[in-house]
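Have a look at data_23.tsv; it's TSV, C-alpha atoms:
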```tsv
chain	number	residue	atom	x	y	z
A	1	MET	CA	21.51	8.60	5.34
A	2	SER	CA	20.02	12.01	4.92
A	3	GLY	CA	16.27	12.02	5.52
A	4	VAL	CA	15.60	8.37	4.66
A	5	ARG	CA	12.25	7.18	5.94
A	6	PRO	CA	11.39	3.47	5.64
A	7	SER	CA	7.72	4.34	5.15
A	8	PHE	CA	8.56	6.02	1.83
A	9	MET	CA	10.37	2.94	0.55
A	10	ASN	CA	7.46	0.84	1.82
A	11	ALA	CA	5.16	3.01	-0.30
A	12	ALA	CA	7.42	2.37	-3.32
A	13	LEU	CA	7.27	-1.37	-2.57
A	14	ASP	CA	3.47	-1.11	-2.47
A	15	GLU	CA	3.55	0.50	-5.93
A	16	ALA	CA	5.77	-2.37	-7.11
A	17	ARG	CA	3.22	-4.90	-5.82
A	18	LYS	CA	0.45	-3.07	-7.70
A	19	ALA	CA	2.56	-3.18	-10.87
A	20	GLU	CA	3.08	-6.91	-10.41
A	21	ALA	CA	-0.68	-7.41	-9.97
A	22	ARG	CA	-1.11	-5.72	-13.37
A	23	GLY	CA	1.42	-8.15	-14.90
A	24	GLU	CA	4.17	-5.55	-15.05
A	25	VAL	CA	7.73	-5.93	-13.80
A	26	PRO	CA	7.36	-5.08	-10.09
A	27	ILE	CA	9.10	-1.74	-9.77
A	28	GLY	CA	7.58	1.14	-7.84
A	29	ALA	CA	8.53	4.74	-7.19
A	30	VAL	CA	7.38	7.61	-5.01
A	31	ILE	CA	8.42	11.25	-4.95
A	32	VAL	CA	8.49	13.04	-1.64
A	33	ARG	CA	8.48	16.78	-0.93
A	34	ASP	CA	8.52	18.23	2.59
A	35	GLY	CA	7.86	14.79	4.08
A	36	VAL	CA	4.77	14.15	1.94
A	37	ILE	CA	4.37	11.79	-1.00
A	38	ILE	CA	3.33	13.92	-3.97
A	39	ALA	CA	3.60	11.28	-6.70
A	40	ALA	CA	3.61	7.50	-6.83
A	41	ASP	CA	3.39	4.85	-9.53
A	42	GLY	CA	4.68	1.53	-10.72
A	43	ASN	CA	5.80	0.26	-14.09
A	44	ARG	CA	3.13	0.51	-16.80
A	45	THR	CA	5.06	-0.33	-19.98
A	46	LEU	CA	2.72	-3.17	-20.99
A	47	GLU	CA	-0.49	-1.42	-19.99
A	48	LEU	CA	0.37	1.80	-21.82
A	49	LYS	CA	2.27	0.11	-24.68
A	50	ASP	CA	5.05	2.56	-23.87
A	51	PRO	CA	8.67	1.50	-23.28
A	52	THR	CA	9.27	4.76	-21.36
A	53	ALA	CA	6.50	4.10	-18.82
A	54	HIS	CA	8.93	3.16	-16.06
A	55	ALA	CA	7.87	3.84	-12.48
A	56	GLU	CA	10.40	6.65	-12.06
A	57	LEU	CA	9.37	8.49	-15.23
A	58	LEU	CA	5.67	8.23	-14.43
A	59	ALA	CA	6.25	9.56	-10.91
A	60	ILE	CA	8.45	12.39	-12.22
A	61	ARG	CA	5.82	13.37	-14.79
A	62	PHE	CA	3.07	13.40	-12.18
A	63	ALA	CA	5.16	15.39	-9.69
A	64	CYS	CA	6.09	17.98	-12.32
A	65	THR	CA	2.44	18.36	-13.26
A	66	ALA	CA	1.38	18.62	-9.62
A	67	LEU	CA	4.02	21.28	-8.90
A	68	GLN	CA	3.64	23.03	-12.27
A	69	SER	CA	7.40	22.85	-12.83
A	70	GLU	CA	9.86	20.92	-14.97
A	71	ARG	CA	12.30	20.89	-12.02
A	72	LEU	CA	12.01	19.03	-8.71
A	73	PRO	CA	14.99	20.40	-6.72
A	74	ASP	CA	13.37	19.99	-3.31
A	75	CYS	CA	12.07	16.47	-3.97
A	76	ASP	CA	13.39	13.01	-3.16
A	77	LEU	CA	12.76	9.87	-5.21
A	78	TYR	CA	12.38	6.43	-3.65
A	79	VAL	CA	12.47	3.54	-6.13
A	80	THR	CA	12.66	-0.22	-5.67
A	81	LEU	CA	15.35	-0.87	-8.30
A	82	GLU	CA	18.45	1.04	-9.33
A	83	PRO	CA	17.40	3.32	-12.20
A	84	CYS	CA	18.26	2.46	-15.80
A	85	PRO	CA	20.08	4.98	-18.06
A	86	MET	CA	16.81	6.53	-19.28
A	87	CYS	CA	15.48	7.03	-15.75
A	88	ALA	CA	18.81	8.24	-14.39
A	89	ALA	CA	18.88	10.90	-17.12
A	90	ALA	CA	15.33	11.97	-16.24
A	91	ILE	CA	16.33	12.19	-12.57
A	92	SER	CA	19.24	14.42	-13.55
A	93	PHE	CA	17.21	16.64	-15.89
A	94	SER	CA	14.43	17.06	-13.31
A	95	ARG	CA	17.01	18.02	-10.66
A	96	ILE	CA	15.77	15.50	-8.06
A	97	ARG	CA	17.57	16.30	-4.79
A	98	ARG	CA	18.04	12.76	-3.44
A	99	LEU	CA	17.67	9.28	-4.90
A	100	TYR	CA	16.98	6.34	-2.60
A	101	TYR	CA	16.83	2.92	-4.22
A	102	ALA	CA	16.36	-0.59	-2.90
A	103	ALA	CA	18.02	-3.26	-5.07
A	104	GLY	CA	21.02	-2.68	-7.27
A	105	ASP	CA	20.79	-3.71	-10.91
A	106	PRO	CA	24.14	-5.02	-12.21
A	107	LYS	CA	22.62	-5.74	-15.63
A	108	GLY	CA	20.56	-2.61	-16.35
A	109	GLY	CA	21.37	-0.05	-13.67
A	110	ALA	CA	23.05	3.25	-14.46
A	111	VAL	CA	23.80	4.68	-11.02
A	112	GLU	CA	26.20	2.36	-9.20
A	113	ASN	CA	26.44	-0.06	-12.13
A	114	GLY	CA	26.74	0.29	-15.90
A	115	VAL	CA	27.38	3.81	-17.19
A	116	ARG	CA	27.25	5.41	-13.72
A	117	LEU	CA	25.55	8.40	-15.26
A	118	PHE	CA	25.84	10.70	-12.26
A	119	ASN	CA	29.64	10.31	-12.30
A	120	GLN	CA	29.99	11.40	-15.93
A	121	PRO	CA	31.36	14.88	-16.71
A	122	THR	CA	28.42	15.45	-19.07
A	123	CYS	CA	25.85	14.89	-16.29
A	124	HIS	CA	23.86	18.09	-15.70
A	125	HIS	CA	22.90	17.35	-12.10
A	126	ALA	CA	23.78	14.51	-9.76
A	127	PRO	CA	21.46	13.83	-6.83
A	128	GLU	CA	22.64	12.50	-3.51
A	129	VAL	CA	22.37	8.71	-3.87
A	130	TYR	CA	21.56	6.13	-1.21
A	131	GLY	CA	21.24	2.48	-2.23
A	132	GLY	CA	20.34	-0.74	-0.47
A	133	ILE	CA	17.22	0.47	1.38
A	134	SER	CA	14.83	-2.49	1.75
A	135	GLU	CA	17.05	-4.26	-0.75
A	136	ARG	CA	16.08	-7.78	0.26
A	137	ALA	CA	12.32	-7.19	-0.10
A	138	ALA	CA	12.71	-5.57	-3.53
A	139	ALA	CA	15.16	-8.19	-4.81
A	140	GLU	CA	12.97	-11.08	-3.64
A	141	MET	CA	9.91	-9.57	-5.33
A	142	LEU	CA	11.80	-9.28	-8.63
A	143	LYS	CA	13.32	-12.77	-8.40
A	144	SER	CA	9.93	-14.30	-7.63
A	145	PHE	CA	8.32	-12.42	-10.53
A	146	PHE	CA	10.87	-13.60	-13.09
A	147	LYS	CA	11.04	-17.15	-11.70
A	148	ALA	CA	7.26	-17.50	-12.18
A	149	ARG	CA	7.62	-16.53	-15.84
A	150	ARG	CA	10.44	-18.92	-16.74
```
Just dump the structure as structure tokens.
Amino acid sequence: MSGVRPSFMNAALDEARKAEARGEVPIGAVIVRDGVIIAADGNRTLELKDPTAHAELLAIRFACTALQSERLPDCDLYVTLEPCPMCAAAISFSRIRRLYYAAGDPKGGAVENGVRLFNQPTCHHAPEVYGGISERAAAEMLKSFFKARR
């Protein structure tokens, strides 16, 4: 796995825990450039009353602002759940170099499941993809979150 560092996924898991503490679905994301985290956030859809406030989109927005660019070609994204179609499209449009995700999402994912956006001929840019990093920790956090609400 090219450049994977457990500490970066641990940082994404920390963002997921913060999201859960806010009552959000526990998903966290960090963006890394040159071995340094330049953006990090967790889901904020309830807090911001914004269905697009997914962890990945918030981190991408912050990284683009920090770098003063709409493209992130030398950045890697670590996220605790396989991105949905909206987030996968944003990853493609922002030209993220590598995507590392923890748990797969058979129901809502769009990378290895569902539409498999990066495999479509209409996809503008496909990052290198590495799944299953800290999968158990991320999956258990999500299962626990939803079990408590049912």
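The environment of segment 108-118 of chain A within 9 Å, counting only C-alpha atoms and disregarding residues fewer than 4 places along the same chain, consists of Leu81, Glu82, Pro83, Cys84, Pro85, Met86, Cys87, Ala88, Ala89, Ser92, Gly104, Thr122, Cys123, His124, His125, Ala126, Pro127, Val129 and Gly131 of chain A.
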Atoms to include: C-alpha atoms. Write the selected residues as a PDB file, in the frame of the given file.
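Written file, result_24.pdb:
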```pdb
ATOM      1  CA  LEU A  81      15.350  -0.870  -8.300  1.00  0.00           C
ATOM      2  CA  GLU A  82      18.450   1.040  -9.330  1.00  0.00           C
ATOM      3  CA  PRO A  83      17.400   3.320 -12.200  1.00  0.00           C
ATOM      4  CA  CYS A  84      18.260   2.460 -15.800  1.00  0.00           C
ATOM      5  CA  PRO A  85      20.080   4.980 -18.060  1.00  0.00           C
ATOM      6  CA  MET A  86      16.810   6.530 -19.280  1.00  0.00           C
ATOM      7  CA  CYS A  87      15.480   7.030 -15.750  1.00  0.00           C
ATOM      8  CA  ALA A  88      18.810   8.240 -14.390  1.00  0.00           C
ATOM      9  CA  ALA A  89      18.880  10.900 -17.120  1.00  0.00           C
ATOM     10  CA  SER A  92      19.240  14.420 -13.550  1.00  0.00           C
ATOM     11  CA  GLY A 104      21.020  -2.680  -7.270  1.00  0.00           C
ATOM     12  CA  THR A 122      28.420  15.450 -19.070  1.00  0.00           C
ATOM     13  CA  CYS A 123      25.850  14.890 -16.290  1.00  0.00           C
ATOM     14  CA  HIS A 124      23.860  18.090 -15.700  1.00  0.00           C
ATOM     15  CA  HIS A 125      22.900  17.350 -12.100  1.00  0.00           C
ATOM     16  CA  ALA A 126      23.780  14.510  -9.760  1.00  0.00           C
ATOM     17  CA  PRO A 127      21.460  13.830  -6.830  1.00  0.00           C
ATOM     18  CA  VAL A 129      22.370   8.710  -3.870  1.00  0.00           C
ATOM     19  CA  GLY A 131      21.240   2.480  -2.230  1.00  0.00           C
TER      20      GLY A 131
END
```
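Nearest to Ser7 of chain A of all the residues A:Glu20, A:Ser134, A:Ala63, A:Phe145 is A:Ser134, based on all atoms listed in the file.
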- Message: Give me the residues near Ile96 of chain A as a count of residues only, where near means some atom within 9 Å (using all atoms listed in the file) and where sequence neighbours in that chain fewer than 6 positions away do not count.
- Response: 13
- Note on the structure: Pairwise distance, atom CA of Asp50 of chain A with atom CA of Arg97 of chain A, equals 26.6 Å
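Atom CA of Leu67 of chain A is found 28.7 Å from atom CA of Ala138 of chain A.
Near Arg61 of chain A, within a cut-off of 9 Å and counting all atoms listed in the file, sit the residues Ala39, Glu56, Ala66 and Glu70 of chain A, with same-chain residues fewer than 5 positions away left out.
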